[in-house]
file run_20.txt (compact mmCIF, C-alpha atoms)
# COMPACT_ATOMS: atom_id res chain seq x y z
CA MET A 1 -3.42 5.73 2.44
CA PHE A 2 -0.81 6.27 5.09
CA THR A 3 2.87 5.91 4.38
CA TYR A 4 5.07 4.91 7.28
CA LYS A 5 6.29 8.53 7.38
CA HIS A 6 2.72 9.71 8.05
CA ILE A 7 2.18 6.99 10.62
CA LYS A 8 5.35 7.95 12.50
CA ARG A 9 4.35 11.61 12.50
CA ARG A 10 0.91 10.78 13.87
CA LEU A 11 2.28 8.58 16.63
CA LEU A 12 4.93 11.04 17.78
CA ASP A 13 2.70 12.99 20.18
CA LYS A 14 0.76 9.95 21.41
CA LYS A 15 1.05 8.54 24.91
CA VAL A 16 0.26 4.96 25.89
CA GLY A 17 0.14 3.56 29.42
CA ILE A 18 1.27 -0.01 30.02
CA ALA A 19 -0.19 -1.50 33.21
CA GLY A 20 2.17 -4.34 34.05
CA CYS A 21 5.42 -5.22 32.27
CA GLY A 22 5.26 -9.01 32.26
CA GLY A 23 4.50 -11.20 29.25
CA LEU A 24 1.77 -9.01 27.78
CA GLY A 25 3.17 -5.61 28.78
CA SER A 26 6.82 -6.06 27.82
CA ASN A 27 6.01 -7.45 24.36
CA CYS A 28 3.26 -4.91 23.69
CA ALA A 29 5.49 -2.00 24.76
CA VAL A 30 8.31 -3.13 22.47
CA ALA A 31 5.94 -3.41 19.49
CA LEU A 32 4.59 0.11 20.16
CA ALA A 33 8.11 1.48 20.54
CA ARG A 34 9.22 -0.10 17.27
CA VAL A 35 6.47 1.67 15.32
CA GLY A 36 7.26 4.95 17.08
CA VAL A 37 4.60 5.73 19.69
CA GLY A 38 6.06 8.93 21.17
CA THR A 39 5.64 8.30 24.90
CA LEU A 40 5.23 5.10 26.88
CA ILE A 41 4.38 4.95 30.56
CA LEU A 42 5.73 1.69 31.97
CA THR A 43 4.47 0.46 35.34
CA ASP A 44 5.46 -2.65 37.31
CA PHE A 45 6.80 -3.40 40.79
CA ASP A 46 8.49 -6.69 39.96
CA GLU A 47 12.03 -7.82 39.28
CA ILE A 48 13.07 -10.08 36.42
CA GLU A 49 13.39 -13.79 37.20
CA GLU A 50 14.81 -16.52 35.02
CA SER A 51 11.34 -18.11 34.73
CA ASN A 52 10.09 -14.95 32.97
CA LEU A 53 12.39 -15.44 30.00
CA ASN A 54 10.18 -18.05 28.29
CA ARG A 55 7.82 -15.26 27.21
CA GLN A 56 8.77 -11.82 28.53
CA TYR A 57 10.94 -9.35 26.62
CA TYR A 58 13.95 -9.57 28.91
CA PHE A 59 17.43 -11.06 28.76
CA GLN A 60 19.66 -13.29 30.90
CA ASP A 61 21.87 -10.36 31.88
CA GLN A 62 18.82 -8.45 33.18
CA ILE A 63 17.81 -11.06 35.78
CA GLY A 64 17.34 -9.43 39.19
CA ARG A 65 16.75 -5.98 37.78
CA LYS A 66 13.53 -4.02 38.02
CA LYS A 67 11.34 -4.75 35.00
CA VAL A 68 10.55 -1.10 34.29
CA ASP A 69 14.25 -0.15 34.25
CA ALA A 70 15.32 -3.08 32.07
CA LEU A 71 12.45 -2.54 29.62
CA LYS A 72 13.22 1.17 29.33
CA GLU A 73 16.83 0.30 28.50
CA THR A 74 15.82 -2.31 25.92
CA ILE A 75 13.35 0.04 24.24
CA HIS A 76 16.00 2.76 24.04
CA ARG A 77 18.33 0.29 22.34
CA ILE A 78 15.60 -0.16 19.71
CA ASN A 79 14.50 3.46 19.47
CA PRO A 80 16.27 6.13 21.56
CA GLN A 81 13.71 8.75 20.46
CA ILE A 82 10.89 7.22 22.51
CA SER A 83 10.14 9.14 25.69
CA ILE A 84 9.65 6.74 28.59
CA GLU A 85 8.20 7.36 32.01
CA THR A 86 8.64 4.54 34.53
CA HIS A 87 6.75 3.83 37.74
CA ASP A 88 8.19 1.14 39.99
CA ILE A 89 4.93 0.77 41.84
CA LYS A 90 2.03 -1.61 42.42
CA LEU A 91 -0.98 -0.07 40.69
CA ASN A 92 -4.22 0.40 42.59
CA GLU A 93 -7.48 2.36 42.49
CA SER A 94 -5.86 5.52 43.83
CA ASN A 95 -2.65 5.76 41.78
CA ILE A 96 -4.04 4.63 38.39
CA PRO A 97 -6.00 7.87 37.70
CA GLN A 98 -2.94 10.01 38.40
CA ILE A 99 -0.38 7.90 36.51
CA PHE A 100 -2.48 7.33 33.39
CA GLN A 101 -4.46 10.58 33.25
CA ASN A 102 -2.73 11.92 30.14
CA CYS A 103 -2.62 8.65 28.21
CA ASP A 104 -4.44 8.30 24.91
CA VAL A 105 -4.86 4.57 25.51
CA ILE A 106 -4.21 2.25 28.46
CA VAL A 107 -3.02 -1.33 27.98
CA GLU A 108 -4.06 -3.76 30.72
CA ALA A 109 -1.26 -6.29 31.02
CA PHE A 110 -1.60 -7.66 34.53
CA ASN A 111 -1.23 -11.28 35.49
CA LEU A 112 -4.02 -11.72 38.03
CA ALA A 113 -7.70 -11.67 37.08
CA GLU A 114 -8.60 -9.58 40.14
CA MET A 115 -6.08 -6.92 39.08
CA LYS A 116 -7.60 -6.92 35.59
CA GLN A 117 -11.00 -6.39 37.18
CA MET A 118 -9.62 -3.60 39.37
CA ILE A 119 -8.16 -1.58 36.48
CA ILE A 120 -11.28 -2.05 34.33
CA GLU A 121 -13.46 -0.67 37.14
CA THR A 122 -11.01 2.15 37.92
CA VAL A 123 -10.74 3.25 34.29
CA LEU A 124 -14.52 3.06 33.75
CA LEU A 125 -15.07 5.14 36.87
CA ASN A 126 -12.39 7.78 36.28
CA PHE A 127 -11.96 7.87 32.50
CA PRO A 128 -15.11 6.51 30.85
CA GLU A 129 -13.99 8.13 27.60
CA LYS A 130 -10.57 6.44 27.52
CA HIS A 131 -9.78 3.32 25.54
CA LEU A 132 -8.62 0.33 27.56
CA VAL A 133 -7.11 -2.68 25.82
CA VAL A 134 -7.37 -5.81 27.96
CA GLY A 135 -5.69 -9.20 27.63
CA SER A 136 -7.59 -12.25 28.88
CA GLY A 137 -6.78 -15.88 28.13
CA ILE A 138 -3.24 -16.51 26.88
CA ALA A 139 -2.18 -19.82 28.42
CA GLY A 140 -0.99 -22.93 26.62
CA TRP A 141 -0.07 -23.41 22.99
CA GLY A 142 -1.64 -24.01 19.58
CA ASN A 143 -5.30 -23.21 18.81
CA ASN A 144 -4.61 -19.94 17.00
CA ASN A 145 -8.24 -19.76 15.93
CA THR A 146 -9.51 -19.42 19.49
CA ILE A 147 -7.76 -16.07 19.92
CA SER A 148 -9.74 -12.99 18.96
CA GLU A 149 -10.66 -9.44 19.94
CA VAL A 150 -14.02 -8.29 21.19
CA LYS A 151 -15.06 -4.64 21.47
CA TYR A 152 -17.14 -3.57 24.39
CA ASP A 153 -17.74 0.17 23.99
CA LYS A 154 -14.37 1.82 24.78
CA MET A 155 -12.88 -1.45 25.99
CA ILE A 156 -11.32 -4.02 23.70
CA ILE A 157 -10.49 -7.48 25.03
CA CYS A 158 -7.92 -9.69 23.30
CA GLY A 159 -7.29 -13.36 24.02
CA ASP A 160 -9.23 -16.61 24.14
CA PHE A 161 -11.27 -15.50 27.24
CA THR A 162 -11.00 -19.01 28.64
CA SER A 163 -7.52 -20.38 29.33
CA GLU A 164 -6.23 -19.53 32.77
CA THR A 165 -2.53 -19.94 33.41
CA GLY A 166 -1.51 -22.59 35.90
CA THR A 167 1.03 -25.35 36.49
CA HIS A 168 -0.48 -27.52 33.76
CA ASN A 169 -1.31 -24.65 31.45
CA PRO A 170 1.72 -22.36 31.49
CA PRO A 171 2.00 -19.07 29.64
CA LEU A 172 4.44 -19.52 26.73
CA ALA A 173 6.09 -17.10 24.29
CA PRO A 174 4.01 -17.82 21.15
CA ARG A 175 0.50 -17.32 22.53
CA VAL A 176 1.58 -14.53 24.88
CA GLY A 177 3.33 -12.93 21.91
CA VAL A 178 0.23 -13.23 19.72
CA VAL A 179 -2.10 -11.64 22.29
CA SER A 180 0.33 -8.88 23.34
CA ASN A 181 0.97 -7.91 19.73
CA MET A 182 -2.76 -8.07 19.09
CA GLN A 183 -3.15 -5.54 21.93
CA ALA A 184 -0.47 -3.35 20.31
CA ASN A 185 -2.30 -3.67 17.00
CA VAL A 186 -5.56 -2.50 18.60
CA VAL A 187 -3.71 0.44 20.16
CA LEU A 188 -2.42 1.46 16.72
CA GLU A 189 -5.91 1.23 15.28
CA ILE A 190 -7.15 3.58 18.00
CA LEU A 191 -4.22 6.01 17.72
CA LEU A 192 -4.26 6.21 13.95
CA GLY A 193 -8.03 6.47 13.93
CA ILE A 194 -8.32 4.46 10.78
CA LYS A 195 -9.35 0.83 10.53
CA ARG A 196 -7.38 -1.08 7.94
CA MET B 1 -27.47 -28.96 19.43
CA LYS B 2 -24.14 -27.65 18.27
CA ILE B 3 -23.00 -24.15 19.12
CA VAL B 4 -19.74 -22.29 18.70
CA LEU B 5 -18.63 -21.26 22.17
CA ASN B 6 -15.63 -18.94 22.29
CA HIS B 7 -14.67 -20.08 18.77
CA ASN B 8 -14.86 -23.77 19.71
CA LEU B 9 -17.58 -26.05 18.34
CA GLU B 10 -19.37 -27.73 21.25
CA GLU B 11 -22.20 -30.22 21.32
CA PHE B 12 -24.96 -30.38 23.92
CA GLU B 13 -27.75 -32.91 24.51
CA GLN B 14 -30.32 -30.14 24.86
CA THR B 15 -32.00 -28.81 21.72
CA THR B 16 -32.23 -25.33 23.25
CA MET B 17 -31.23 -23.65 26.50
CA THR B 18 -31.07 -20.26 28.13
CA VAL B 19 -27.81 -18.39 28.49
CA GLN B 20 -28.02 -19.00 32.24
CA GLU B 21 -28.43 -22.77 31.69
CA LEU B 22 -25.37 -22.77 29.47
CA LEU B 23 -23.39 -20.94 32.17
CA ASP B 24 -24.56 -23.51 34.74
CA ILE B 25 -23.66 -26.50 32.54
CA LYS B 26 -20.21 -25.12 31.76
CA ALA B 27 -19.79 -24.21 35.44
CA PHE B 28 -17.74 -21.12 34.66
CA THR B 29 -16.08 -19.88 37.77
CA PHE B 30 -14.27 -16.88 36.37
CA LYS B 31 -15.64 -13.36 36.46
CA ILE B 32 -17.83 -12.83 33.41
CA LEU B 33 -17.20 -9.52 31.72
CA GLY B 34 -19.88 -9.83 29.11
CA ILE B 35 -21.66 -12.19 26.75
CA MET B 36 -22.27 -11.80 23.03
CA LEU B 37 -24.75 -14.03 21.23
CA ASN B 38 -24.31 -13.89 17.45
CA ASP B 39 -22.43 -10.57 17.89
CA VAL B 40 -25.19 -8.99 20.01
CA VAL B 41 -24.53 -8.13 23.66
CA VAL B 42 -26.69 -10.08 26.13
CA LYS B 43 -27.33 -8.03 29.26
CA GLU B 44 -26.93 -9.73 32.61
CA ASN B 45 -30.63 -9.26 33.37
CA ASP B 46 -31.47 -11.23 30.22
CA TYR B 47 -29.40 -14.37 30.93
CA LEU B 48 -32.52 -16.21 32.18
CA THR B 49 -34.69 -15.28 29.23
CA THR B 50 -32.29 -15.35 26.27
CA THR B 51 -32.29 -18.63 24.38
CA VAL B 52 -29.31 -20.31 22.76
CA LYS B 53 -30.10 -22.65 19.88
CA ASP B 54 -28.41 -24.88 17.34
CA GLY B 55 -25.95 -23.04 15.14
CA ASP B 56 -25.55 -20.04 17.43
CA ALA B 57 -22.17 -18.47 18.10
CA ILE B 58 -21.68 -17.26 21.63
CA ILE B 59 -18.74 -15.46 23.15
CA ILE B 60 -18.47 -15.55 26.92
CA LEU B 61 -15.91 -12.97 27.91
CA GLN B 62 -14.20 -13.99 31.11
CA LEU B 63 -11.39 -12.36 32.97
CA VAL B 64 -8.81 -15.07 33.49
CA SER B 65 -5.38 -14.81 35.04
CA GLY B 66 -2.27 -14.79 32.90
CA GLY B 67 -0.18 -11.97 31.59

call {"tool": "encode", "arguments": {"input": "run_20.txt", "output": "structure tokens"}}
result
Amino acid sequence: MFTYKHIKRRLLDKKVGIAGCGGLGSNCAVALARVGVGTLILTDFDEIEESNLNRQYYFQDQIGRKKVDALKETIHRINPQISIETHDIKLNESNIPQIFQNCDVIVEAFNLAEMKQMIIETVLLNFPEKHLVVGSGIAGWGNNNTISEVKYDKMIICGDFTSETGTHNPPLAPRVGVVSNMQANVVLEILLGIKR
Amino acid sequence: MKIVLNHNLEEFEQTTMTVQELLDIKAFTFKILGIMLNDVVVKENDYLTTTVKDGDAIIILQLVSGG
């Protein structure tokens, strides 16, 4: 049995890459920071807009700022001990291997399906041994029972695998929060090496 | 037949169908990452020959936008 003291000690030297700091990435990163994952690599090229605040871990007074900078600041308000590396960059096939090479786990938290596809292929090609935690299907509300995780070798996919976001099926805090925290939970399972 | 598709109970007129027929009926347009029939992975080459029947649980993993 692990006490929280043991858990914190184990997480201290771990490094997790967050690919995209929107709804999935910002919430997942905060959860990992709260439990004490030693190093987080935050990547995003976007700025915070008011429309993000219905689900992303940002605040009114951060509108207009770069997501990676604002998230770093927020995480340090929660836990100043966390080491954070930020990349204000659009990820692609050539920069992903370099940015995430030392990560124990990579969290896929992009918005667009084609970007999700791109990082899956890039990680499989460059780091077949690395765990990748993907989010797919977070739109709408209700239907808790449709959300689950599926393991596919080193890749774990969380979500409902069906609901695409759109004008009539917006991403909202509760479901985005459930899936992003589910991703964080999978990351912990991998890092601690013990299934509870 | 009734099957559980991505955790939702769905009813079809057919008494049995192949995985490929199910994909055609549902007209999935998203990229399919993988399919699991009763917790067993169905390889892409086997979509035409693998049968789905009443009571089966199938997970069709699709990559959909939203994050």

call {"tool": "closest_residue", "arguments": {"input": "run_20.txt", "among": "B:Met17, B:Glu10, B:Ile58, B:Leu5", "to": "Val41 (chain B)", "atoms": "all atoms listed in the file"}}
result
B:Ile58

call {"tool": "atom_distance", "arguments": {"input": "run_20.txt", "atom1": "CA of Gly166 (chain A)", "atom2": "CA of Asn185 (chain A)"}}
result
26.8 Å

call {"tool": "interface_residues", "arguments": {"input": "run_20.txt", "of": "chain B", "to": "chain A", "cutoff": "7 Å", "atoms": "all atoms listed in the file", "output": "number ranges by chain"}}
result
B: 6-8, 61-67

call {"tool": "closest_residue", "arguments": {"input": "run_20.txt", "among": "A:Ile78, A:Leu53, A:Asp88, A:Ala19", "to": "Lys66 (chain A)", "atoms": "only C-alpha atoms"}}
result
A:Asp88

call {"tool": "residues_around", "arguments": {"input": "run_20.txt", "residues": "Gly193 (chain A)", "least_positions_apart": "5", "cutoff": "10 Å", "atoms": "all atoms listed in the file", "output": "PDB file with C-alpha atoms, in the coordinates of the input"}}
result
ATOM      1  CA  ARG A  10       0.910  10.780  13.870  1.00  0.00           C
ATOM      2  CA  VAL A 187      -3.710   0.440  20.160  1.00  0.00           C
ATOM      3  CA  LEU A 188      -2.420   1.460  16.720  1.00  0.00           C
TER       4      LEU A 188
END

call {"tool": "residues_around", "arguments": {"input": "run_20.txt", "residues": "Leu132 (chain A)", "least_positions_apart": "5", "cutoff": "6 Å", "atoms": "all atoms listed in the file", "output": "CSV table (one decimal) with C-alpha atoms, in the frame of the given file"}}
result
chain,number,residue,atom,x,y,z
A,106,ILE,CA,-4.2,2.2,28.5
A,107,VAL,CA,-3.0,-1.3,28.0
A,155,MET,CA,-12.9,-1.4,26.0

call {"tool": "axis_aligned_box", "arguments": {"input": "run_20.txt", "around": "region 25-39 of chain B", "padding_each_side": "8 Å", "output": "lines of an AutoDock Vina configuration file"}}
result
center_x = -19.5
center_y = -18.0
center_z = 27.6
size_x = 26.5
size_y = 33.0
size_z = 36.3

call {"tool": "decode", "arguments": {"input": "run_20.txt", "residues": "region 35-49 of chain B", "atoms": "N, CA and C atoms", "output": "compact mmCIF listing (two decimals), in the first residue's frame"}}
result
# COMPACT_ATOMS: atom_id res chain seq x y z
N ILE B 35 -10.96 -1.65 -33.38
CA ILE B 35 -12.26 -2.20 -33.00
C ILE B 35 -12.04 -3.36 -32.04
N MET B 36 -12.87 -3.40 -30.99
CA MET B 36 -12.79 -4.51 -30.05
C MET B 36 -14.16 -5.16 -29.93
N LEU B 37 -14.20 -6.45 -30.23
CA LEU B 37 -15.45 -7.20 -30.13
C LEU B 37 -15.35 -8.09 -28.90
N ASN B 38 -16.23 -7.84 -27.94
CA ASN B 38 -16.19 -8.57 -26.66
C ASN B 38 -14.76 -8.60 -26.10
N ASP B 39 -14.15 -7.41 -26.07
CA ASP B 39 -12.81 -7.20 -25.49
C ASP B 39 -11.66 -7.81 -26.30
N VAL B 40 -11.94 -8.32 -27.49
CA VAL B 40 -10.87 -8.86 -28.33
C VAL B 40 -10.69 -7.95 -29.55
N VAL B 41 -9.43 -7.60 -29.83
CA VAL B 41 -9.15 -6.72 -30.97
C VAL B 41 -9.50 -7.41 -32.28
N VAL B 42 -10.22 -6.68 -33.15
CA VAL B 42 -10.53 -7.19 -34.49
C VAL B 42 -9.60 -6.47 -35.46
N LYS B 43 -8.76 -7.21 -36.15
CA LYS B 43 -7.82 -6.59 -37.09
C LYS B 43 -8.56 -6.10 -38.33
N GLU B 44 -8.01 -5.07 -38.94
CA GLU B 44 -8.66 -4.46 -40.09
C GLU B 44 -8.94 -5.48 -41.21
N ASN B 45 -8.00 -6.39 -41.39
CA ASN B 45 -8.16 -7.42 -42.43
C ASN B 45 -9.32 -8.37 -42.16
N ASP B 46 -9.78 -8.38 -40.90
CA ASP B 46 -10.84 -9.32 -40.52
C ASP B 46 -12.22 -8.69 -40.45
N TYR B 47 -12.35 -7.42 -40.83
CA TYR B 47 -13.65 -6.74 -40.73
C TYR B 47 -14.72 -7.46 -41.57
N LEU B 48 -14.28 -8.00 -42.72
CA LEU B 48 -15.24 -8.64 -43.65
C LEU B 48 -15.65 -10.05 -43.21
N THR B 49 -14.84 -10.63 -42.36
CA THR B 49 -15.11 -12.03 -42.00
C THR B 49 -15.54 -12.20 -40.54
